[in-house]
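What follows is final30.json (JSON, C-alpha atoms).
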[["chain", "number", "residue", "atom", "x", "y", "z"],
["A", 1, "ASP", "CA", -6.23, -8.88, 10.67],
["A", 2, "THR", "CA", -5.09, -7.43, 7.35],
["A", 3, "ALA", "CA", -1.71, -8.87, 6.34],
["A", 4, "VAL", "CA", -0.53, -5.86, 4.31],
["A", 5, "SER", "CA", -2.31, -2.58, 4.90],
["A", 6, "GLN", "CA", -1.90, 0.62, 2.98],
["A", 7, "THR", "CA", -3.21, 4.05, 3.83],
["A", 8, "PRO", "CA", -4.86, 6.00, 2.45],
["A", 9, "LYS", "CA", -6.92, 4.00, -0.04],
["A", 10, "TYR", "CA", -7.72, 7.12, -2.08],
["A", 11, "LEU", "CA", -5.67, 10.28, -2.34],
["A", 12, "VAL", "CA", -6.62, 13.32, -4.39],
["A", 13, "THR", "CA", -4.16, 16.17, -4.37],
["A", 14, "GLN", "CA", -3.02, 19.14, -6.38],
["A", 15, "MET", "CA", 0.05, 19.33, -8.55],
["A", 16, "GLY", "CA", 3.13, 20.42, -6.69],
["A", 17, "ASN", "CA", 2.06, 19.00, -3.33],
["A", 18, "ASP", "CA", 4.06, 16.52, -1.26],
["A", 19, "LYS", "CA", 2.28, 13.40, -0.07],
["A", 20, "SER", "CA", 3.01, 10.09, 1.66],
["A", 21, "ILE", "CA", 1.50, 6.65, 1.41],
["A", 22, "LYS", "CA", 2.01, 4.30, 4.34],
["A", 23, "CYS", "CA", 2.39, 0.53, 4.26],
["A", 24, "GLU", "CA", 2.55, -1.92, 7.12],
["A", 25, "GLN", "CA", 2.76, -5.70, 7.14],
["A", 26, "ASN", "CA", 2.18, -7.93, 10.13],
["A", 27, "LEU", "CA", 3.52, -11.11, 8.55],
["A", 28, "GLY", "CA", 7.09, -10.83, 9.76],
["A", 29, "HIS", "CA", 8.35, -10.74, 6.17],
["A", 30, "ASP", "CA", 11.80, -9.35, 5.48],
["A", 31, "THR", "CA", 11.10, -8.02, 1.98],
["A", 32, "MET", "CA", 8.70, -5.25, 1.03],
["A", 33, "TYR", "CA", 7.95, -3.58, -2.28],
["A", 34, "TRP", "CA", 6.27, -0.63, -3.90],
["A", 35, "TYR", "CA", 4.68, -1.10, -7.30],
["A", 36, "LYS", "CA", 3.00, 1.36, -9.62],
["A", 37, "GLN", "CA", 0.09, 0.14, -11.72],
["A", 38, "ASP", "CA", -0.39, 2.21, -14.82],
["A", 39, "SER", "CA", -3.53, 2.80, -16.84],
["A", 40, "LYS", "CA", -2.92, -0.41, -18.76],
["A", 41, "LYS", "CA", -2.94, -2.39, -15.50],
["A", 42, "PHE", "CA", 0.74, -3.23, -15.83],
["A", 43, "LEU", "CA", 2.53, -3.51, -12.49],
["A", 44, "LYS", "CA", 6.00, -1.98, -12.42],
["A", 45, "ILE", "CA", 8.34, -2.36, -9.52],
["A", 46, "MET", "CA", 9.58, 0.88, -8.01],
["A", 47, "PHE", "CA", 11.47, -0.14, -4.89],
["A", 48, "SER", "CA", 12.28, -3.21, -2.89],
["A", 49, "TYR", "CA", 13.58, -3.28, 0.66],
["A", 50, "ASN", "CA", 15.01, -6.24, 2.52],
["A", 51, "ASN", "CA", 15.39, -5.85, 6.28],
["A", 52, "LYS", "CA", 15.16, -2.07, 6.02],
["A", 53, "GLU", "CA", 17.81, -1.92, 3.29],
["A", 54, "LEU", "CA", 17.14, -0.82, -0.26],
["A", 55, "ILE", "CA", 17.85, -3.65, -2.71],
["A", 56, "ILE", "CA", 15.97, -2.59, -5.83],
["A", 57, "ASN", "CA", 15.58, 0.96, -7.02],
["A", 58, "GLU", "CA", 14.18, 1.03, -10.51],
["A", 59, "THR", "CA", 14.31, 4.11, -12.64],
["A", 60, "VAL", "CA", 11.82, 6.35, -10.94],
["A", 61, "PRO", "CA", 12.07, 10.12, -10.50],
["A", 62, "ASN", "CA", 13.96, 11.08, -7.37],
["A", 63, "ARG", "CA", 10.79, 12.86, -6.26],
["A", 64, "PHE", "CA", 9.83, 9.39, -5.03],
["A", 65, "SER", "CA", 11.58, 8.33, -1.87],
["A", 66, "PRO", "CA", 10.90, 5.19, 0.14],
["A", 67, "LYS", "CA", 11.45, 5.16, 3.86],
["A", 68, "SER", "CA", 11.61, 2.04, 6.00],
["A", 69, "PRO", "CA", 11.68, 2.85, 9.73],
["A", 70, "ASP", "CA", 11.55, -0.87, 10.55],
["A", 71, "LYS", "CA", 11.09, -4.06, 8.58],
["A", 72, "ALA", "CA", 7.31, -4.02, 9.06],
["A", 73, "HIS", "CA", 6.89, -0.61, 7.41],
["A", 74, "LEU", "CA", 7.75, 0.79, 4.02],
["A", 75, "ASN", "CA", 6.37, 4.25, 3.34],
["A", 76, "LEU", "CA", 6.43, 6.07, 0.03],
["A", 77, "HIS", "CA", 6.99, 9.82, -0.05],
["A", 78, "ILE", "CA", 6.34, 11.76, -3.20],
["A", 79, "ASN", "CA", 7.47, 15.36, -3.60],
["A", 80, "SER", "CA", 6.26, 17.92, -6.13],
["A", 81, "LEU", "CA", 3.48, 15.73, -7.45],
["A", 82, "GLU", "CA", 2.85, 15.78, -11.19],
["A", 83, "LEU", "CA", -0.20, 14.82, -13.25],
["A", 84, "GLY", "CA", 1.64, 11.76, -14.55],
["A", 85, "ASP", "CA", 2.00, 10.40, -11.02],
["A", 86, "SER", "CA", -1.70, 9.56, -11.04],
["A", 87, "ALA", "CA", -1.92, 5.79, -10.74],
["A", 88, "VAL", "CA", -2.64, 3.02, -8.29],
["A", 89, "TYR", "CA", 0.29, 2.24, -6.00],
["A", 90, "PHE", "CA", 0.56, -1.20, -4.42],
["A", 91, "CYS", "CA", 2.65, -2.23, -1.46],
["A", 92, "ALA", "CA", 3.59, -5.88, -1.08],
["A", 93, "SER", "CA", 5.64, -8.11, 1.14],
["A", 94, "SER", "CA", 7.15, -11.49, 0.46],
["A", 95, "HIS", "CA", 8.92, -14.40, 2.04],
["A", 96, "GLY", "CA", 10.12, -17.55, 0.34],
["A", 97, "GLY", "CA", 8.35, -16.72, -2.90],
["A", 98, "ALA", "CA", 4.95, -16.08, -1.29],
["A", 99, "ALA", "CA", 3.65, -12.57, -1.93],
["A", 100, "PHE", "CA", 0.94, -10.57, -0.26],
["A", 101, "PHE", "CA", -0.38, -7.30, -1.59],
["A", 102, "GLY", "CA", -1.98, -4.31, 0.00],
["A", 103, "GLN", "CA", -5.32, -3.06, -1.30],
["A", 104, "GLY", "CA", -3.69, -0.30, -3.30],
["A", 105, "THR", "CA", -3.75, 3.49, -3.06],
["A", 106, "ARG", "CA", -5.43, 5.31, -5.92],
["A", 107, "LEU", "CA", -3.56, 8.59, -6.30],
["A", 108, "THR", "CA", -5.15, 11.29, -8.41],
["A", 109, "VAL", "CA", -3.20, 14.45, -9.09],
["A", 110, "VAL", "CA", -5.29, 17.38, -10.30],
["B", 1, "LYS", "CA", 11.01, -7.63, -23.93],
["B", 2, "ASN", "CA", 9.09, -8.56, -20.79],
["B", 3, "GLU", "CA", 10.40, -11.31, -18.59],
["B", 4, "VAL", "CA", 6.78, -12.53, -18.30],
["B", 5, "GLU", "CA", 4.42, -12.75, -21.26],
["B", 6, "GLN", "CA", 0.71, -13.42, -20.93],
["B", 7, "SER", "CA", -1.91, -14.24, -23.48],
["B", 8, "PRO", "CA", -4.50, -13.29, -24.39],
["B", 9, "GLN", "CA", -4.56, -9.66, -23.23],
["B", 10, "ASN", "CA", -8.33, -9.48, -23.44],
["B", 11, "LEU", "CA", -10.83, -12.30, -23.30],
["B", 12, "THR", "CA", -14.60, -12.32, -23.49],
["B", 13, "ALA", "CA", -16.46, -15.54, -22.75],
["B", 14, "GLN", "CA", -20.02, -16.71, -22.35],
["B", 15, "GLU", "CA", -21.06, -17.93, -18.96],
["B", 16, "GLY", "CA", -20.27, -21.61, -18.59],
["B", 17, "GLU", "CA", -17.32, -21.63, -20.99],
["B", 18, "PHE", "CA", -13.95, -23.17, -20.15],
["B", 19, "ILE", "CA", -11.27, -20.48, -20.05],
["B", 20, "THR", "CA", -7.50, -20.74, -20.37],
["B", 21, "ILE", "CA", -4.98, -17.97, -19.77],
["B", 22, "ASN", "CA", -1.35, -18.64, -20.62],
["B", 23, "CYS", "CA", 1.88, -17.35, -19.14],
["B", 24, "SER", "CA", 5.43, -17.78, -20.38],
["B", 25, "TYR", "CA", 8.52, -16.53, -18.60],
["B", 26, "SER", "CA", 12.17, -16.24, -19.45],
["B", 27, "VAL", "CA", 13.91, -16.10, -16.06],
["B", 28, "GLY", "CA", 14.73, -18.71, -13.47],
["B", 29, "ILE", "CA", 12.09, -18.64, -10.78],
["B", 30, "SER", "CA", 11.46, -19.81, -7.25],
["B", 31, "ALA", "CA", 7.68, -19.55, -7.60],
["B", 32, "LEU", "CA", 4.94, -18.42, -9.94],
["B", 33, "HIS", "CA", 1.78, -16.65, -8.85],
["B", 34, "TRP", "CA", -1.58, -16.21, -10.45],
["B", 35, "LEU", "CA", -3.16, -13.01, -9.17],
["B", 36, "GLN", "CA", -6.69, -11.70, -9.52],
["B", 37, "GLN", "CA", -7.72, -8.08, -9.52],
["B", 38, "HIS", "CA", -11.38, -7.08, -9.69],
["B", 39, "PRO", "CA", -12.22, -3.66, -11.16],
["B", 40, "GLY", "CA", -11.21, -1.00, -8.68],
["B", 41, "GLY", "CA", -10.11, -3.69, -6.26],
["B", 42, "GLY", "CA", -7.01, -4.99, -4.63],
["B", 43, "ILE", "CA", -4.80, -7.82, -5.78],
["B", 44, "VAL", "CA", -5.38, -11.30, -4.47],
["B", 45, "SER", "CA", -3.02, -14.21, -4.91],
["B", 46, "LEU", "CA", -5.01, -17.18, -6.27],
["B", 47, "PHE", "CA", -2.18, -19.68, -6.53],
["B", 48, "MET", "CA", 1.49, -19.98, -5.81],
["B", 49, "LEU", "CA", 3.15, -22.75, -7.81],
["B", 50, "SER", "CA", 6.63, -24.14, -8.05],
["B", 51, "SER", "CA", 5.72, -27.38, -9.81],
["B", 52, "GLY", "CA", 2.81, -29.46, -11.05],
["B", 53, "LYS", "CA", -0.78, -28.46, -10.66],
["B", 54, "LYS", "CA", -3.08, -26.89, -8.09],
["B", 55, "LYS", "CA", -6.87, -26.76, -7.95],
["B", 56, "HIS", "CA", -9.14, -24.50, -5.97],
["B", 57, "GLY", "CA", -12.83, -24.76, -6.71],
["B", 58, "ARG", "CA", -13.32, -24.04, -10.41],
["B", 59, "LEU", "CA", -9.78, -22.74, -10.82],
["B", 60, "ILE", "CA", -6.87, -24.89, -11.91],
["B", 61, "ALA", "CA", -3.27, -23.73, -12.33],
["B", 62, "THR", "CA", -0.51, -25.74, -13.95],
["B", 63, "ILE", "CA", 3.16, -25.10, -14.45],
["B", 64, "ASN", "CA", 5.80, -26.73, -16.64],
["B", 65, "ILE", "CA", 9.20, -25.72, -15.28],
["B", 66, "GLN", "CA", 11.15, -27.15, -18.23],
["B", 67, "GLU", "CA", 9.08, -25.23, -20.75],
["B", 68, "LYS", "CA", 8.80, -22.13, -18.50],
["B", 69, "HIS", "CA", 5.07, -22.02, -19.01],
["B", 70, "SER", "CA", 2.00, -21.87, -16.82],
["B", 71, "SER", "CA", -1.71, -21.90, -17.49],
["B", 72, "LEU", "CA", -4.70, -20.80, -15.47],
["B", 73, "HIS", "CA", -7.95, -22.57, -16.27],
["B", 74, "ILE", "CA", -11.43, -21.59, -15.17],
["B", 75, "THR", "CA", -14.12, -24.22, -15.55],
["B", 76, "ALA", "CA", -17.83, -23.31, -15.85],
["B", 77, "SER", "CA", -17.02, -19.60, -15.96],
["B", 78, "HIS", "CA", -19.32, -17.15, -14.22],
["B", 79, "PRO", "CA", -19.77, -13.37, -14.53],
["B", 80, "ARG", "CA", -18.20, -12.94, -11.09],
["B", 81, "ASP", "CA", -14.98, -14.32, -12.59],
["B", 82, "SER", "CA", -14.71, -11.09, -14.60],
["B", 83, "ALA", "CA", -11.43, -9.54, -13.49],
["B", 84, "VAL", "CA", -7.85, -8.97, -14.54],
["B", 85, "TYR", "CA", -5.67, -12.04, -14.07],
["B", 86, "ILE", "CA", -1.96, -11.42, -13.65],
["B", 87, "CYS", "CA", 0.88, -13.89, -13.84],
["B", 88, "ALA", "CA", 3.84, -13.04, -11.62],
["B", 89, "VAL", "CA", 7.11, -14.86, -11.09],
["B", 90, "ALA", "CA", 9.35, -14.63, -8.07],
["B", 91, "GLN", "CA", 13.06, -14.73, -8.70],
["B", 92, "GLY", "CA", 15.37, -15.37, -5.76],
["B", 93, "PRO", "CA", 17.42, -14.55, -3.78],
["B", 94, "GLY", "CA", 15.98, -11.04, -3.44],
["B", 95, "ASN", "CA", 12.55, -12.39, -4.39],
["B", 96, "GLN", "CA", 12.11, -9.80, -7.04],
["B", 97, "PHE", "CA", 8.78, -10.22, -8.77],
["B", 98, "TYR", "CA", 8.19, -9.84, -12.48],
["B", 99, "PHE", "CA", 4.64, -9.33, -13.70],
["B", 100, "GLY", "CA", 2.85, -10.13, -16.89],
["B", 101, "THR", "CA", 0.71, -7.43, -18.45],
["B", 102, "GLY", "CA", -2.47, -9.08, -17.25],
["B", 103, "THR", "CA", -5.45, -10.65, -18.98],
["B", 104, "SER", "CA", -8.71, -8.79, -18.76],
["B", 105, "LEU", "CA", -11.51, -11.37, -18.60],
["B", 106, "THR", "CA", -15.17, -10.53, -19.11],
["B", 107, "VAL", "CA", -17.74, -13.29, -18.65],
["B", 108, "ILE", "CA", -21.10, -12.47, -20.18],
["B", 109, "PRO", "CA", -24.28, -13.95, -18.66]]
Write out the structure in this file as C-alpha cells.
Amino acid sequence: DTAVSQTPKYLVTQMGNDKSIKCEQNLGHDTMYWYKQDSKKFLKIMFSYNNKELIINETVPNRFSPKSPDKAHLNLHINSLELGDSAVYFCASSHGGAAFFGQGTRLTVV
Amino acid sequence: KNEVEQSPQNLTAQEGEFITINCSYSVGISALHWLQQHPGGGIVSLFMLSSGKKKHGRLIATINIQEKHSSLHITASHPRDSAVYICAVAQGPGNQFYFGTGTSLTVIP
C-alpha cells in the first residue's frame, strides 16, 4: 500500500483554468505538507497542516488554497492557473521527524 | 540565506569512485534526512538521522550535531546512483522541514 499517494501524477492544463491535486496518507500522521519543486530542483514549502489546521502558510499567491477535509487528506486547489505555476508539486506527511513523500504531480500550464 | 546548505551542487564521478556530499544547517533540528530523487521520479527518504552514523548497503550517512553538519557517502559508485540527493532537516514542534538545494550526481560508466 502506498503511504502517501497523490493524484494525478501528470496534469496538463490551459492558462486560466482551475485545477486540484489530491493527496492522501494512510500512515496516521498528524502533519501534512505541500511543496513546490522549481526548475532548479529546490523544494519550497507552501503549506503545512497539523490535524486539519493550517500551521504554515508561506508566501504563495492566494490562487493556491489547501483544503483538509480530514487529517488523512490535504488537497491543493489552484485557481486561474498561470504559466509560472508549472512545476512538480509534492505532498508529504510526517510524524516525529520521519517524513514520507508522495510521487509528485507534474503540472504543466500551456 | 538558506537554513540548509549543500555542496557540491553538481558532481560527476567515474563508476567505482567514492562520493561525498556535504550538508550544513543553521537551525536546531529533531532529525535530518537524506533524500534521493531520480530523474522524473518521486522522492525517497534514504536515511533519517538524529545522531551518529547509519549504513545501508553502499550508502553511509553521518551527522555531527555539535557542528551542525552531515555527510552522505557512496562507496563503489554505480551509474544507477545517478540522481539528485537532497538534505532536509526537520525542526520541531511543528516538524517544519527545510531543504537543501540538492546535489545532482552523475556516475559515468
(Q) Applying 12 Å and all atoms listed in the file, which residues near B:Pro39 remain after dropping the ones on its own chain fewer than 4 positions away? List them as JSON, numbers by chain. (A) {"A": [41], "B": [43, 80, 81, 82, 83, 84, 85, 104, 105, 106]}
Which neighbours of B:Gln14 fall inside 7 Å, counting only C-alpha atoms, when residues of the same chain fewer than 3 positions from it are skipped, and could you give them as an mmCIF file with C-alpha atoms, in the coordinates of the input?
data_model
loop_
_atom_site.group_PDB
_atom_site.id
_atom_site.type_symbol
_atom_site.label_atom_id
_atom_site.label_comp_id
_atom_site.auth_asym_id
_atom_site.auth_seq_id
_atom_site.Cartn_x
_atom_site.Cartn_y
_atom_site.Cartn_z
ATOM 1 C CA GLU B 17 -17.320 -21.630 -20.990
ATOM 2 C CA VAL B 107 -17.740 -13.290 -18.650
ATOM 3 C CA ILE B 108 -21.100 -12.470 -20.180
ATOM 4 C CA PRO B 109 -24.280 -13.950 -18.660
#
Could the residues of chain A within 12 Å of chain B, counting all atoms listed in the file, be given as a compact mmCIF listing (two decimals) with C-alpha atoms, keeping the file's coordinate frame, please?
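New file part.txt:
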# COMPACT_ATOMS: atom_id res chain seq x y z
CA ALA A 3 -1.71 -8.87 6.34
CA VAL A 4 -0.53 -5.86 4.31
CA SER A 5 -2.31 -2.58 4.90
CA GLN A 6 -1.90 0.62 2.98
CA LYS A 9 -6.92 4.00 -0.04
CA TYR A 10 -7.72 7.12 -2.08
CA HIS A 29 8.35 -10.74 6.17
CA ASP A 30 11.80 -9.35 5.48
CA THR A 31 11.10 -8.02 1.98
CA MET A 32 8.70 -5.25 1.03
CA TYR A 33 7.95 -3.58 -2.28
CA TRP A 34 6.27 -0.63 -3.90
CA TYR A 35 4.68 -1.10 -7.30
CA LYS A 36 3.00 1.36 -9.62
CA GLN A 37 0.09 0.14 -11.72
CA ASP A 38 -0.39 2.21 -14.82
CA SER A 39 -3.53 2.80 -16.84
CA LYS A 40 -2.92 -0.41 -18.76
CA LYS A 41 -2.94 -2.39 -15.50
CA PHE A 42 0.74 -3.23 -15.83
CA LEU A 43 2.53 -3.51 -12.49
CA LYS A 44 6.00 -1.98 -12.42
CA ILE A 45 8.34 -2.36 -9.52
CA MET A 46 9.58 0.88 -8.01
CA PHE A 47 11.47 -0.14 -4.89
CA SER A 48 12.28 -3.21 -2.89
CA TYR A 49 13.58 -3.28 0.66
CA ASN A 50 15.01 -6.24 2.52
CA ASN A 51 15.39 -5.85 6.28
CA GLU A 53 17.81 -1.92 3.29
CA LEU A 54 17.14 -0.82 -0.26
CA ILE A 55 17.85 -3.65 -2.71
CA ILE A 56 15.97 -2.59 -5.83
CA ASN A 57 15.58 0.96 -7.02
CA GLU A 58 14.18 1.03 -10.51
CA ALA A 87 -1.92 5.79 -10.74
CA VAL A 88 -2.64 3.02 -8.29
CA TYR A 89 0.29 2.24 -6.00
CA PHE A 90 0.56 -1.20 -4.42
CA CYS A 91 2.65 -2.23 -1.46
CA ALA A 92 3.59 -5.88 -1.08
CA SER A 93 5.64 -8.11 1.14
CA SER A 94 7.15 -11.49 0.46
CA HIS A 95 8.92 -14.40 2.04
CA GLY A 96 10.12 -17.55 0.34
CA GLY A 97 8.35 -16.72 -2.90
CA ALA A 98 4.95 -16.08 -1.29
CA ALA A 99 3.65 -12.57 -1.93
CA PHE A 100 0.94 -10.57 -0.26
CA PHE A 101 -0.38 -7.30 -1.59
CA GLY A 102 -1.98 -4.31 0.00
CA GLN A 103 -5.32 -3.06 -1.30
CA GLY A 104 -3.69 -0.30 -3.30
CA THR A 105 -3.75 3.49 -3.06
CA ARG A 106 -5.43 5.31 -5.92
Distance query stretch 53-57 of chain B at most 10 Å, only C-alpha atoms, self and fewer than 3 positions along chain excluded, as a short mmCIF file (atom, residue, chain, number, x, y, z; two decimals) with C-alpha atoms, keeping the file's coordinate frame:
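The resulting file, selection.cif, is reproduced below:
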data_model
loop_
_atom_site.label_atom_id
_atom_site.label_comp_id
_atom_site.auth_asym_id
_atom_site.auth_seq_id
_atom_site.Cartn_x
_atom_site.Cartn_y
_atom_site.Cartn_z
CA LEU B 46 -5.01 -17.18 -6.27
CA PHE B 47 -2.18 -19.68 -6.53
CA MET B 48 1.49 -19.98 -5.81
CA LEU B 49 3.15 -22.75 -7.81
CA SER B 50 6.63 -24.14 -8.05
CA ILE B 60 -6.87 -24.89 -11.91
CA ALA B 61 -3.27 -23.73 -12.33
CA THR B 62 -0.51 -25.74 -13.95
CA ILE B 63 3.16 -25.10 -14.45
CA ASN B 64 5.80 -26.73 -16.64
CA SER B 70 2.00 -21.87 -16.82
CA SER B 71 -1.71 -21.90 -17.49
CA LEU B 72 -4.70 -20.80 -15.47
CA HIS B 73 -7.95 -22.57 -16.27
CA ILE B 74 -11.43 -21.59 -15.17
CA THR B 75 -14.12 -24.22 -15.55
#
Taking 3 positions as the minimum chain separation for residues in the same chain, which residues sit within 8 Å of stretch 65-68 of chain B when counting only C-alpha atoms? Answer as a list in words.
Ser24, Tyr25, Ser26, Ser50 and Ser51 of chain B
Atom CA of B:Ala76 to atom CA of B:Val4 measures 27.0 Å
